[in-house]
$ cat upload-v1.cif   # mmCIF, N, CA and C atoms
data_my_file
loop_
_atom_site.label_atom_id
_atom_site.label_comp_id
_atom_site.auth_asym_id
_atom_site.auth_seq_id
_atom_site.Cartn_x
_atom_site.Cartn_y
_atom_site.Cartn_z
N MET A 124 -17.14 5.73 -14.91
CA MET A 124 -17.01 4.74 -13.86
C MET A 124 -17.87 5.18 -12.67
N ARG A 125 -18.57 4.26 -12.12
CA ARG A 125 -19.34 4.51 -10.90
C ARG A 125 -18.49 4.12 -9.70
N ILE A 126 -18.48 4.96 -8.71
CA ILE A 126 -17.75 4.64 -7.49
C ILE A 126 -18.61 3.68 -6.67
N PRO A 127 -18.06 2.53 -6.32
CA PRO A 127 -18.84 1.54 -5.57
C PRO A 127 -19.25 2.06 -4.20
N THR A 128 -20.42 1.66 -3.78
CA THR A 128 -20.90 2.05 -2.46
C THR A 128 -21.05 0.85 -1.54
N GLY A 129 -20.90 -0.33 -2.08
CA GLY A 129 -21.06 -1.55 -1.28
C GLY A 129 -19.77 -1.97 -0.61
N ARG A 130 -19.84 -3.17 -0.11
CA ARG A 130 -18.70 -3.76 0.59
C ARG A 130 -17.55 -4.01 -0.39
N PRO A 131 -16.31 -3.70 -0.01
CA PRO A 131 -15.17 -3.95 -0.91
C PRO A 131 -14.94 -5.45 -1.07
N GLU A 132 -14.32 -5.81 -2.18
CA GLU A 132 -13.98 -7.22 -2.42
C GLU A 132 -12.80 -7.67 -1.59
N ALA A 133 -11.96 -6.72 -1.22
CA ALA A 133 -10.82 -7.01 -0.35
C ALA A 133 -10.51 -5.75 0.44
N SER A 134 -9.89 -5.93 1.60
CA SER A 134 -9.52 -4.77 2.42
C SER A 134 -8.38 -5.15 3.35
N ALA A 135 -7.71 -4.10 3.84
CA ALA A 135 -6.63 -4.29 4.81
C ALA A 135 -6.78 -3.25 5.91
N CYS A 136 -6.67 -3.70 7.14
CA CYS A 136 -6.57 -2.79 8.29
C CYS A 136 -5.09 -2.56 8.53
N VAL A 137 -4.65 -1.33 8.36
CA VAL A 137 -3.23 -0.98 8.45
C VAL A 137 -2.93 -0.48 9.86
N ARG A 138 -1.83 -0.97 10.42
CA ARG A 138 -1.37 -0.56 11.75
C ARG A 138 0.09 -0.20 11.69
N GLY A 139 0.46 0.83 12.44
CA GLY A 139 1.84 1.25 12.50
C GLY A 139 2.66 0.36 13.42
N GLY A 140 3.95 0.33 13.16
CA GLY A 140 4.88 -0.40 14.01
C GLY A 140 5.57 0.55 14.98
N GLU A 141 6.77 0.18 15.41
CA GLU A 141 7.51 0.97 16.39
C GLU A 141 7.79 2.39 15.91
N GLU A 142 7.99 2.59 14.62
CA GLU A 142 8.30 3.91 14.07
C GLU A 142 7.07 4.83 14.01
N ALA A 143 5.87 4.24 14.02
CA ALA A 143 4.64 5.02 13.90
C ALA A 143 3.51 4.33 14.68
N PRO A 144 3.62 4.26 16.00
CA PRO A 144 2.67 3.48 16.79
C PRO A 144 1.23 3.98 16.74
N ARG A 145 1.00 5.23 16.37
CA ARG A 145 -0.36 5.79 16.32
C ARG A 145 -1.01 5.65 14.95
N LEU A 146 -0.25 5.16 13.98
CA LEU A 146 -0.76 5.07 12.62
C LEU A 146 -1.83 3.98 12.53
N ARG A 147 -2.97 4.33 11.92
CA ARG A 147 -4.08 3.41 11.70
C ARG A 147 -4.72 3.75 10.37
N GLY A 148 -5.34 2.78 9.75
CA GLY A 148 -6.05 3.09 8.51
C GLY A 148 -6.67 1.87 7.87
N THR A 149 -7.35 2.14 6.76
CA THR A 149 -8.02 1.10 5.99
C THR A 149 -7.72 1.31 4.52
N VAL A 150 -7.44 0.21 3.83
CA VAL A 150 -7.26 0.23 2.39
C VAL A 150 -8.27 -0.75 1.81
N ASN A 151 -9.09 -0.29 0.86
CA ASN A 151 -10.12 -1.12 0.24
C ASN A 151 -9.86 -1.32 -1.23
N PHE A 152 -10.32 -2.45 -1.77
CA PHE A 152 -10.12 -2.82 -3.17
C PHE A 152 -11.47 -3.25 -3.76
N TYR A 153 -11.84 -2.59 -4.89
CA TYR A 153 -13.09 -2.86 -5.58
C TYR A 153 -12.80 -3.13 -7.05
N THR A 154 -13.51 -4.07 -7.67
CA THR A 154 -13.43 -4.24 -9.11
C THR A 154 -14.32 -3.20 -9.76
N VAL A 155 -13.75 -2.45 -10.71
CA VAL A 155 -14.49 -1.44 -11.45
C VAL A 155 -14.12 -1.56 -12.93
N SER A 156 -14.88 -0.90 -13.77
CA SER A 156 -14.55 -0.87 -15.19
C SER A 156 -13.16 -0.27 -15.35
N GLY A 157 -12.28 -0.98 -16.02
CA GLY A 157 -10.93 -0.50 -16.24
C GLY A 157 -9.91 -1.01 -15.24
N GLY A 158 -10.35 -1.74 -14.21
CA GLY A 158 -9.37 -2.29 -13.28
C GLY A 158 -9.87 -2.39 -11.86
N THR A 159 -9.00 -2.00 -10.94
CA THR A 159 -9.27 -2.08 -9.51
C THR A 159 -9.23 -0.69 -8.91
N LEU A 160 -10.31 -0.32 -8.23
CA LEU A 160 -10.33 0.93 -7.48
C LEU A 160 -9.73 0.65 -6.10
N VAL A 161 -8.71 1.42 -5.75
CA VAL A 161 -8.07 1.32 -4.44
C VAL A 161 -8.40 2.60 -3.69
N THR A 162 -8.93 2.46 -2.48
CA THR A 162 -9.16 3.62 -1.63
C THR A 162 -8.38 3.43 -0.33
N ALA A 163 -7.87 4.52 0.19
CA ALA A 163 -7.10 4.45 1.44
C ALA A 163 -7.47 5.63 2.32
N GLU A 164 -7.64 5.37 3.59
CA GLU A 164 -7.83 6.40 4.61
C GLU A 164 -6.87 6.08 5.74
N ILE A 165 -5.89 6.96 5.95
CA ILE A 165 -4.82 6.72 6.91
C ILE A 165 -4.74 7.92 7.86
N ARG A 166 -4.51 7.65 9.13
CA ARG A 166 -4.29 8.73 10.11
C ARG A 166 -3.12 8.33 11.01
N GLY A 167 -2.51 9.32 11.63
CA GLY A 167 -1.38 9.05 12.52
C GLY A 167 -0.04 8.95 11.81
N LEU A 168 0.05 9.46 10.58
CA LEU A 168 1.33 9.44 9.87
C LEU A 168 2.31 10.36 10.60
N PRO A 169 3.55 9.92 10.78
CA PRO A 169 4.53 10.79 11.44
C PRO A 169 4.99 11.89 10.49
N GLN A 170 5.66 12.88 11.03
CA GLN A 170 6.23 13.93 10.18
C GLN A 170 7.48 13.40 9.49
N ASN A 171 7.68 13.83 8.25
CA ASN A 171 8.93 13.57 7.55
C ASN A 171 9.27 14.82 6.75
N ASP A 172 10.32 14.78 5.95
CA ASP A 172 10.80 15.98 5.25
C ASP A 172 9.85 16.48 4.16
N THR A 173 9.09 15.59 3.54
CA THR A 173 8.29 15.98 2.37
C THR A 173 6.78 15.88 2.57
N GLY A 174 6.33 15.10 3.53
CA GLY A 174 4.90 14.84 3.68
C GLY A 174 4.43 13.69 2.82
N PHE A 175 5.30 13.16 1.94
CA PHE A 175 4.96 12.02 1.09
C PHE A 175 5.46 10.72 1.71
N PHE A 176 4.67 9.67 1.54
CA PHE A 176 5.01 8.35 2.06
C PHE A 176 4.80 7.32 0.96
N ALA A 177 5.81 6.47 0.75
CA ALA A 177 5.68 5.40 -0.23
C ALA A 177 4.61 4.42 0.25
N PHE A 178 3.87 3.88 -0.71
CA PHE A 178 2.70 3.04 -0.46
C PHE A 178 2.75 1.91 -1.47
N HIS A 179 2.87 0.67 -0.99
CA HIS A 179 3.06 -0.47 -1.88
C HIS A 179 2.26 -1.68 -1.41
N ILE A 180 2.04 -2.59 -2.35
CA ILE A 180 1.60 -3.94 -2.00
C ILE A 180 2.85 -4.81 -2.04
N HIS A 181 3.07 -5.55 -0.97
CA HIS A 181 4.23 -6.43 -0.89
C HIS A 181 3.79 -7.88 -1.04
N GLU A 182 4.74 -8.73 -1.42
CA GLU A 182 4.43 -10.13 -1.70
C GLU A 182 4.19 -10.96 -0.44
N GLY A 183 4.74 -10.54 0.68
CA GLY A 183 4.62 -11.31 1.92
C GLY A 183 3.19 -11.37 2.43
N LYS A 184 2.95 -12.30 3.31
CA LYS A 184 1.60 -12.58 3.79
C LYS A 184 1.39 -12.26 5.26
N ARG A 185 2.44 -11.71 5.93
CA ARG A 185 2.33 -11.43 7.36
C ARG A 185 2.99 -10.10 7.70
N CYS A 186 2.46 -9.46 8.72
CA CYS A 186 3.01 -8.18 9.21
C CYS A 186 3.71 -8.43 10.55
N CYS A 187 4.76 -9.19 10.52
CA CYS A 187 5.44 -9.57 11.76
C CYS A 187 6.77 -8.86 11.92
N GLY A 188 7.19 -8.74 13.18
CA GLY A 188 8.49 -8.17 13.50
C GLY A 188 8.45 -6.66 13.54
N ALA A 189 9.41 -6.09 14.20
CA ALA A 189 9.48 -4.64 14.36
C ALA A 189 9.62 -3.92 13.02
N ASP A 190 10.29 -4.54 12.08
CA ASP A 190 10.52 -3.88 10.79
C ASP A 190 9.69 -4.49 9.66
N PHE A 191 8.69 -5.29 10.01
CA PHE A 191 7.80 -5.93 9.03
C PHE A 191 8.59 -6.69 7.95
N ALA A 192 9.67 -7.34 8.35
CA ALA A 192 10.56 -8.03 7.40
C ALA A 192 9.84 -9.12 6.62
N GLU A 193 8.82 -9.73 7.20
CA GLU A 193 8.14 -10.85 6.53
C GLU A 193 7.25 -10.39 5.37
N THR A 194 7.15 -9.08 5.16
CA THR A 194 6.36 -8.61 4.02
C THR A 194 7.11 -8.81 2.70
N GLY A 195 8.42 -9.04 2.76
CA GLY A 195 9.20 -9.28 1.56
C GLY A 195 9.27 -8.07 0.66
N GLY A 196 9.45 -8.33 -0.63
CA GLY A 196 9.56 -7.25 -1.62
C GLY A 196 8.21 -6.88 -2.20
N HIS A 197 8.24 -5.99 -3.17
CA HIS A 197 7.01 -5.54 -3.82
C HIS A 197 6.35 -6.69 -4.57
N PHE A 198 5.03 -6.70 -4.57
CA PHE A 198 4.24 -7.65 -5.36
C PHE A 198 4.58 -7.39 -6.83
N ASN A 199 5.13 -8.41 -7.50
CA ASN A 199 5.68 -8.20 -8.84
C ASN A 199 5.58 -9.48 -9.67
N PRO A 200 4.35 -9.97 -9.92
CA PRO A 200 4.23 -11.23 -10.67
C PRO A 200 4.74 -11.14 -12.10
N GLY A 201 4.80 -9.94 -12.68
CA GLY A 201 5.27 -9.78 -14.05
C GLY A 201 6.77 -9.57 -14.17
N GLN A 202 7.48 -9.61 -13.02
CA GLN A 202 8.94 -9.43 -13.00
C GLN A 202 9.37 -8.14 -13.72
N GLN A 203 8.69 -7.06 -13.42
CA GLN A 203 9.00 -5.75 -13.98
C GLN A 203 10.01 -5.03 -13.09
N THR A 204 10.62 -3.96 -13.63
CA THR A 204 11.49 -3.12 -12.82
C THR A 204 10.64 -2.07 -12.10
N HIS A 205 11.17 -1.56 -11.01
CA HIS A 205 10.48 -0.50 -10.27
C HIS A 205 10.52 0.77 -11.11
N PRO A 206 9.47 1.50 -11.28
CA PRO A 206 8.18 1.50 -10.58
C PRO A 206 7.06 0.81 -11.34
N ARG A 207 7.36 -0.23 -12.08
CA ARG A 207 6.32 -0.93 -12.85
C ARG A 207 5.87 -2.22 -12.19
N HIS A 208 6.28 -2.45 -10.94
CA HIS A 208 5.77 -3.61 -10.20
C HIS A 208 4.26 -3.47 -10.08
N ALA A 209 3.56 -4.58 -10.07
CA ALA A 209 2.10 -4.52 -9.85
C ALA A 209 1.79 -3.84 -8.52
N GLY A 210 2.65 -4.01 -7.53
CA GLY A 210 2.43 -3.45 -6.20
C GLY A 210 2.89 -2.02 -5.99
N ASP A 211 3.43 -1.38 -7.02
CA ASP A 211 3.84 0.02 -6.89
C ASP A 211 2.61 0.92 -7.01
N LEU A 212 2.29 1.61 -5.93
CA LEU A 212 1.10 2.45 -5.87
C LEU A 212 1.49 3.93 -5.78
N PRO A 213 0.57 4.84 -6.09
CA PRO A 213 0.87 6.27 -5.91
C PRO A 213 1.18 6.56 -4.44
N PRO A 214 2.01 7.56 -4.18
CA PRO A 214 2.36 7.88 -2.79
C PRO A 214 1.19 8.49 -2.03
N LEU A 215 1.28 8.39 -0.72
CA LEU A 215 0.32 9.05 0.17
C LEU A 215 0.88 10.42 0.52
N LEU A 216 0.02 11.43 0.62
CA LEU A 216 0.42 12.78 1.01
C LEU A 216 -0.26 13.11 2.33
N SER A 217 0.55 13.33 3.34
CA SER A 217 0.03 13.63 4.67
C SER A 217 -0.36 15.09 4.80
N ASP A 218 -1.49 15.30 5.42
CA ASP A 218 -1.93 16.64 5.80
C ASP A 218 -2.27 16.56 7.28
N GLY A 219 -1.35 17.03 8.12
CA GLY A 219 -1.57 16.93 9.56
C GLY A 219 -1.62 15.50 10.06
N GLY A 220 -0.91 14.60 9.39
CA GLY A 220 -0.88 13.20 9.80
C GLY A 220 -1.95 12.34 9.17
N CYS A 221 -2.81 12.93 8.33
CA CYS A 221 -3.89 12.17 7.67
C CYS A 221 -3.66 12.15 6.17
N ALA A 222 -4.04 11.04 5.55
CA ALA A 222 -3.95 10.92 4.09
C ALA A 222 -5.13 10.12 3.59
N SER A 223 -5.67 10.54 2.46
CA SER A 223 -6.72 9.81 1.77
C SER A 223 -6.29 9.66 0.33
N ALA A 224 -6.66 8.55 -0.27
CA ALA A 224 -6.32 8.32 -1.67
C ALA A 224 -7.41 7.48 -2.32
N ALA A 225 -7.60 7.69 -3.62
CA ALA A 225 -8.49 6.87 -4.43
C ALA A 225 -7.94 6.88 -5.85
N PHE A 226 -7.70 5.72 -6.41
CA PHE A 226 -7.17 5.62 -7.77
C PHE A 226 -7.55 4.27 -8.36
N VAL A 227 -7.49 4.20 -9.69
CA VAL A 227 -7.77 2.96 -10.40
C VAL A 227 -6.47 2.46 -11.00
N THR A 228 -6.23 1.16 -10.86
CA THR A 228 -5.07 0.53 -11.46
C THR A 228 -5.50 -0.71 -12.24
N GLY A 229 -4.83 -0.96 -13.33
CA GLY A 229 -5.07 -2.17 -14.10
C GLY A 229 -4.00 -3.23 -13.86
N ARG A 230 -3.17 -3.03 -12.85
CA ARG A 230 -2.04 -3.93 -12.59
C ARG A 230 -2.40 -5.19 -11.83
N PHE A 231 -3.56 -5.20 -11.16
CA PHE A 231 -3.97 -6.38 -10.40
C PHE A 231 -5.47 -6.31 -10.16
N THR A 232 -6.04 -7.45 -9.78
CA THR A 232 -7.45 -7.51 -9.36
C THR A 232 -7.47 -7.67 -7.85
N PRO A 233 -8.59 -7.35 -7.21
CA PRO A 233 -8.66 -7.58 -5.77
C PRO A 233 -8.33 -9.03 -5.40
N ARG A 234 -8.80 -9.97 -6.16
CA ARG A 234 -8.55 -11.39 -5.88
C ARG A 234 -7.06 -11.72 -5.89
N GLU A 235 -6.30 -11.08 -6.77
CA GLU A 235 -4.87 -11.37 -6.89
C GLU A 235 -4.06 -10.88 -5.69
N VAL A 236 -4.57 -9.89 -4.96
CA VAL A 236 -3.80 -9.36 -3.84
C VAL A 236 -4.26 -9.85 -2.47
N VAL A 237 -5.36 -10.59 -2.44
CA VAL A 237 -5.80 -11.16 -1.16
C VAL A 237 -4.69 -12.05 -0.62
N GLY A 238 -4.36 -11.86 0.65
CA GLY A 238 -3.28 -12.61 1.29
C GLY A 238 -1.94 -11.91 1.22
N ARG A 239 -1.82 -10.86 0.44
CA ARG A 239 -0.59 -10.06 0.37
C ARG A 239 -0.66 -8.98 1.46
N THR A 240 0.32 -8.10 1.49
CA THR A 240 0.34 -7.04 2.50
C THR A 240 0.42 -5.66 1.86
N VAL A 241 -0.21 -4.70 2.50
CA VAL A 241 -0.08 -3.29 2.15
C VAL A 241 0.95 -2.71 3.11
N VAL A 242 1.92 -1.96 2.58
CA VAL A 242 2.98 -1.40 3.41
C VAL A 242 3.11 0.10 3.15
N ILE A 243 3.30 0.85 4.23
CA ILE A 243 3.61 2.27 4.14
C ILE A 243 5.05 2.44 4.63
N HIS A 244 5.84 3.20 3.87
CA HIS A 244 7.24 3.46 4.21
C HIS A 244 7.38 4.88 4.75
N ASN A 245 8.49 5.15 5.45
CA ASN A 245 8.66 6.46 6.09
C ASN A 245 9.17 7.56 5.16
N SER A 246 9.45 7.26 3.92
CA SER A 246 9.94 8.25 2.96
C SER A 246 9.17 8.16 1.66
N ALA A 247 9.36 9.17 0.84
CA ALA A 247 8.76 9.15 -0.49
C ALA A 247 9.49 8.16 -1.39
N ASP A 248 8.78 7.59 -2.33
CA ASP A 248 9.35 6.72 -3.35
C ASP A 248 9.97 7.61 -4.42
N ASP A 249 11.22 7.35 -4.81
CA ASP A 249 11.85 8.19 -5.83
C ASP A 249 11.54 7.72 -7.25
N PHE A 250 10.86 6.59 -7.40
CA PHE A 250 10.43 6.04 -8.69
C PHE A 250 11.58 5.72 -9.63
N ARG A 251 12.79 5.58 -9.11
CA ARG A 251 13.96 5.25 -9.93
C ARG A 251 14.79 4.13 -9.33
N THR A 252 15.14 4.27 -8.07
CA THR A 252 16.07 3.35 -7.43
C THR A 252 15.49 1.94 -7.39
N GLN A 253 16.35 0.97 -7.74
CA GLN A 253 15.93 -0.43 -7.73
C GLN A 253 16.37 -1.08 -6.42
N PRO A 254 15.62 -1.98 -5.87
CA PRO A 254 14.36 -2.48 -6.42
C PRO A 254 13.11 -1.82 -5.83
N ALA A 255 13.27 -0.86 -4.89
CA ALA A 255 12.08 -0.40 -4.15
C ALA A 255 11.94 1.11 -4.05
N GLY A 256 12.67 1.89 -4.83
CA GLY A 256 12.46 3.33 -4.85
C GLY A 256 13.06 4.10 -3.70
N ASN A 257 14.02 3.50 -2.96
CA ASN A 257 14.67 4.20 -1.85
C ASN A 257 13.62 4.77 -0.89
N SER A 258 12.63 3.94 -0.55
CA SER A 258 11.46 4.37 0.21
C SER A 258 11.64 4.44 1.71
N GLY A 259 12.76 3.98 2.20
CA GLY A 259 12.99 4.01 3.64
C GLY A 259 12.37 2.84 4.36
N LYS A 260 12.31 2.97 5.68
CA LYS A 260 11.81 1.90 6.55
C LYS A 260 10.33 1.66 6.35
N LYS A 261 9.93 0.42 6.59
CA LYS A 261 8.52 0.05 6.61
C LYS A 261 7.96 0.48 7.97
N ILE A 262 6.97 1.38 7.96
CA ILE A 262 6.44 1.90 9.23
C ILE A 262 5.03 1.41 9.54
N ALA A 263 4.35 0.81 8.57
CA ALA A 263 3.00 0.32 8.81
C ALA A 263 2.69 -0.82 7.84
N CYS A 264 1.76 -1.67 8.25
CA CYS A 264 1.45 -2.85 7.44
C CYS A 264 0.04 -3.31 7.73
N GLY A 265 -0.56 -3.93 6.72
CA GLY A 265 -1.86 -4.57 6.88
C GLY A 265 -1.99 -5.73 5.92
N VAL A 266 -2.54 -6.83 6.37
CA VAL A 266 -2.77 -8.00 5.52
C VAL A 266 -4.08 -7.79 4.75
N ILE A 267 -4.03 -8.02 3.45
CA ILE A 267 -5.22 -7.85 2.60
C ILE A 267 -6.07 -9.12 2.72
N ARG A 268 -7.31 -8.92 3.12
CA ARG A 268 -8.25 -10.04 3.31
C ARG A 268 -9.47 -9.84 2.41
N ARG A 269 -10.15 -10.94 2.14
CA ARG A 269 -11.41 -10.83 1.39
C ARG A 269 -12.38 -9.95 2.13
N GLY A 270 -13.08 -9.11 1.37
CA GLY A 270 -14.05 -8.19 1.98
C GLY A 270 -15.18 -8.91 2.60
#

$ encode --input "upload-v1.cif" --output "structure tokens"
Amino acid sequence: MRIPTGRPEASACVRGGEEAPRLRGTVNFYTVSGGTLVTAEIRGLPQNDTGFFAFHIHEGKRCCGADFAETGGHFNPGQQTHPRHAGDLPPLLSDGGCASAAFVTGRFTPREVVGRTVVIHNSADDFRTQPAGNSGKKIACGVIRRG
């Protein structure tokens, strides 16, 4: 697989809410052989017990309210159980408040997630608890837009 160097097909500017007002970042989506390459660069993550933060695509289309309630549940067009939702992503690992990630998923295309939201939670995803992995509060959000 070649790592794309051009403009992403979709992206989200992520901003923290009341729980993480300094949090900022970008999540990009590219079509690649085998699926969708997702890249994330996040800074301003608060401290927590593990350094891991749950990272999901949610079905909602807006990042409104103090608790980002309008983001709804995980993006799950196949009606799977957690952690097999299309929107269940690998966790972010903070190093001094910064996290970077790059992975390929076959669960969705960039086009399918445009208009949805990327959400970061204040705790690690346990990959068991239904419906959302006991991930804690939503601390950051970004609307996915066409690149």

$ closest_residue --input "upload-v1.cif" --among "A:Glu132, A:Ala163, A:Lys260, A:His179" --to "Leu212 in chain A" --atoms "all atoms listed in the file"
A:His179

$ atom_distance --input "upload-v1.cif" --atom1 "atom C of Asp249 in chain A" --atom2 "atom N of Pro213 in chain A"
11.4 Å

$ residues_around --input "upload-v1.cif" --residues "Arg125 in chain A" --least-positions-apart "6" --cutoff "12 Å" --atoms "only C-alpha atoms" --output "ChimeraX atom specification"
/A:153-157,160,227

$ residues_around --input "upload-v1.cif" --residues "Asp190 in chain A" --least-positions-apart "4" --cutoff "8 Å" --atoms "all atoms listed in the file" --output "JSON, numbers by chain"
{"A": [140, 141, 142, 186, 194, 260, 261, 262, 263]}

$ select_by_dssp --input "upload-v1.cif" --residues "range 165-249 of chain A" --states "strand (DSSP E or B)" --output "number ranges by chain"
A: 165-166, 175-176, 178-181, 197, 211, 215-216, 218, 221-228, 240-244

$ write_last_selection --input "upload-v1.cif" --atoms "N, CA and C atoms" --output "mmCIF file, in the frame of the given file"
data_model
loop_
_atom_site.group_PDB
_atom_site.id
_atom_site.type_symbol
_atom_site.label_atom_id
_atom_site.label_comp_id
_atom_site.auth_asym_id
_atom_site.auth_seq_id
_atom_site.Cartn_x
_atom_site.Cartn_y
_atom_site.Cartn_z
ATOM 1 N N ILE A 165 -5.890 6.960 5.950
ATOM 2 C CA ILE A 165 -4.820 6.720 6.910
ATOM 3 C C ILE A 165 -4.740 7.920 7.860
ATOM 4 N N ARG A 166 -4.510 7.650 9.130
ATOM 5 C CA ARG A 166 -4.290 8.730 10.110
ATOM 6 C C ARG A 166 -3.120 8.330 11.010
ATOM 7 N N PHE A 175 5.300 13.160 1.940
ATOM 8 C CA PHE A 175 4.960 12.020 1.090
ATOM 9 C C PHE A 175 5.460 10.720 1.710
ATOM 10 N N PHE A 176 4.670 9.670 1.540
ATOM 11 C CA PHE A 176 5.010 8.350 2.060
ATOM 12 C C PHE A 176 4.800 7.320 0.960
ATOM 13 N N PHE A 178 3.870 3.880 -0.710
ATOM 14 C CA PHE A 178 2.700 3.040 -0.460
ATOM 15 C C PHE A 178 2.750 1.910 -1.470
ATOM 16 N N HIS A 179 2.870 0.670 -0.990
ATOM 17 C CA HIS A 179 3.060 -0.470 -1.880
ATOM 18 C C HIS A 179 2.260 -1.680 -1.410
ATOM 19 N N ILE A 180 2.040 -2.590 -2.350
ATOM 20 C CA ILE A 180 1.600 -3.940 -2.000
ATOM 21 C C ILE A 180 2.850 -4.810 -2.040
ATOM 22 N N HIS A 181 3.070 -5.550 -0.970
ATOM 23 C CA HIS A 181 4.230 -6.430 -0.890
ATOM 24 C C HIS A 181 3.790 -7.880 -1.040
ATOM 25 N N HIS A 197 8.240 -5.990 -3.170
ATOM 26 C CA HIS A 197 7.010 -5.540 -3.820
ATOM 27 C C HIS A 197 6.350 -6.690 -4.570
ATOM 28 N N ASP A 211 3.430 -1.380 -7.020
ATOM 29 C CA ASP A 211 3.840 0.020 -6.890
ATOM 30 C C ASP A 211 2.610 0.920 -7.010
ATOM 31 N N LEU A 215 1.280 8.390 -0.720
ATOM 32 C CA LEU A 215 0.320 9.050 0.170
ATOM 33 C C LEU A 215 0.880 10.420 0.520
ATOM 34 N N LEU A 216 0.020 11.430 0.620
ATOM 35 C CA LEU A 216 0.420 12.780 1.010
ATOM 36 C C LEU A 216 -0.260 13.110 2.330
ATOM 37 N N ASP A 218 -1.490 15.300 5.420
ATOM 38 C CA ASP A 218 -1.930 16.640 5.800
ATOM 39 C C ASP A 218 -2.270 16.560 7.280
ATOM 40 N N CYS A 221 -2.810 12.930 8.330
ATOM 41 C CA CYS A 221 -3.890 12.170 7.670
ATOM 42 C C CYS A 221 -3.660 12.150 6.170
ATOM 43 N N ALA A 222 -4.040 11.040 5.550
ATOM 44 C CA ALA A 222 -3.950 10.920 4.090
ATOM 45 C C ALA A 222 -5.130 10.120 3.590
ATOM 46 N N SER A 223 -5.670 10.540 2.460
ATOM 47 C CA SER A 223 -6.720 9.810 1.770
ATOM 48 C C SER A 223 -6.290 9.660 0.330
ATOM 49 N N ALA A 224 -6.660 8.550 -0.270
ATOM 50 C CA ALA A 224 -6.320 8.320 -1.670
ATOM 51 C C ALA A 224 -7.410 7.480 -2.320
ATOM 52 N N ALA A 225 -7.600 7.690 -3.620
ATOM 53 C CA ALA A 225 -8.490 6.870 -4.430
ATOM 54 C C ALA A 225 -7.940 6.880 -5.850
ATOM 55 N N PHE A 226 -7.700 5.720 -6.410
ATOM 56 C CA PHE A 226 -7.170 5.620 -7.770
ATOM 57 C C PHE A 226 -7.550 4.270 -8.360
ATOM 58 N N VAL A 227 -7.490 4.200 -9.690
ATOM 59 C CA VAL A 227 -7.770 2.960 -10.400
ATOM 60 C C VAL A 227 -6.470 2.460 -11.000
ATOM 61 N N THR A 228 -6.230 1.160 -10.860
ATOM 62 C CA THR A 228 -5.070 0.530 -11.460
ATOM 63 C C THR A 228 -5.500 -0.710 -12.240
ATOM 64 N N THR A 240 0.320 -8.100 1.490
ATOM 65 C CA THR A 240 0.340 -7.040 2.500
ATOM 66 C C THR A 240 0.420 -5.660 1.860
ATOM 67 N N VAL A 241 -0.210 -4.700 2.500
ATOM 68 C CA VAL A 241 -0.080 -3.290 2.150
ATOM 69 C C VAL A 241 0.950 -2.710 3.110
ATOM 70 N N VAL A 242 1.920 -1.960 2.580
ATOM 71 C CA VAL A 242 2.980 -1.400 3.410
ATOM 72 C C VAL A 242 3.110 0.100 3.150
ATOM 73 N N ILE A 243 3.300 0.850 4.230
ATOM 74 C CA ILE A 243 3.610 2.270 4.140
ATOM 75 C C ILE A 243 5.050 2.440 4.630
ATOM 76 N N HIS A 244 5.840 3.200 3.870
ATOM 77 C CA HIS A 244 7.240 3.460 4.210
ATOM 78 C C HIS A 244 7.380 4.880 4.750
#

$ residues_around --input "upload-v1.cif" --residues "Leu146 in chain A" --least-positions-apart "5" --cutoff "6 Å" --atoms "all atoms listed in the file" --output "number ranges by chain"
A: 137-139, 166-168

$ closest_residue --input "upload-v1.cif" --among "A:Gly220, A:Gly238, A:Gly259, A:Pro233" --to "Gly148 in chain A" --atoms "only C-alpha atoms"
A:Gly220

$ residues_around --input "upload-v1.cif" --residues "Asp172 in chain A" --least-positions-apart "2" --cutoff "8 Å" --atoms "only N, CA and C atoms" --output "PDB file with N, CA and C atoms, keeping the file's coordinate frame"
ATOM      1  N   PRO A 169       3.550   9.920  10.780  1.00  0.00           N
ATOM      2  CA  PRO A 169       4.530  10.790  11.440  1.00  0.00           C
ATOM      3  C   PRO A 169       4.990  11.890  10.490  1.00  0.00           C
ATOM      4  N   GLN A 170       5.660  12.880  11.030  1.00  0.00           N
ATOM      5  CA  GLN A 170       6.230  13.930  10.180  1.00  0.00           C
ATOM      6  C   GLN A 170       7.480  13.400   9.490  1.00  0.00           C
ATOM      7  N   GLY A 174       6.330  15.100   3.530  1.00  0.00           N
ATOM      8  CA  GLY A 174       4.900  14.840   3.680  1.00  0.00           C
ATOM      9  C   GLY A 174       4.430  13.690   2.820  1.00  0.00           C
ATOM     10  N   PHE A 175       5.300  13.160   1.940  1.00  0.00           N
ATOM     11  CA  PHE A 175       4.960  12.020   1.090  1.00  0.00           C
ATOM     12  C   PHE A 175       5.460  10.720   1.710  1.00  0.00           C
ATOM     13  N   ASN A 245       8.490   5.150   5.450  1.00  0.00           N
ATOM     14  CA  ASN A 245       8.660   6.460   6.090  1.00  0.00           C
ATOM     15  C   ASN A 245       9.170   7.560   5.160  1.00  0.00           C
ATOM     16  N   SER A 246       9.450   7.260   3.920  1.00  0.00           N
ATOM     17  CA  SER A 246       9.940   8.250   2.960  1.00  0.00           C
ATOM     18  C   SER A 246       9.170   8.160   1.660  1.00  0.00           C
ATOM     19  N   ALA A 247       9.360   9.170   0.840  1.00  0.00           N
ATOM     20  CA  ALA A 247       8.760   9.150  -0.490  1.00  0.00           C
ATOM     21  C   ALA A 247       9.490   8.160  -1.390  1.00  0.00           C
TER      22      ALA A 247
END

$ select_by_dssp --input "upload-v1.cif" --residues "chain A" --states "helix (DSSP H, G or I)" --output "list in words"
Ala192, Glu193, Thr194, Pro233, Arg234, Glu235 and Val236 of chain A

$ residues_around --input "upload-v1.cif" --residues "Val236 in chain A" --least-positions-apart "4" --cutoff "8 Å" --atoms "all atoms listed in the file" --output "VMD selection string"
chain A and resid 133 to 134 180 231 to 232 240 266 to 269

$ atom_distance --input "upload-v1.cif" --atom1 "CA of Glu182 in chain A" --atom2 "CA of Ser217 in chain A"
25.0 Å
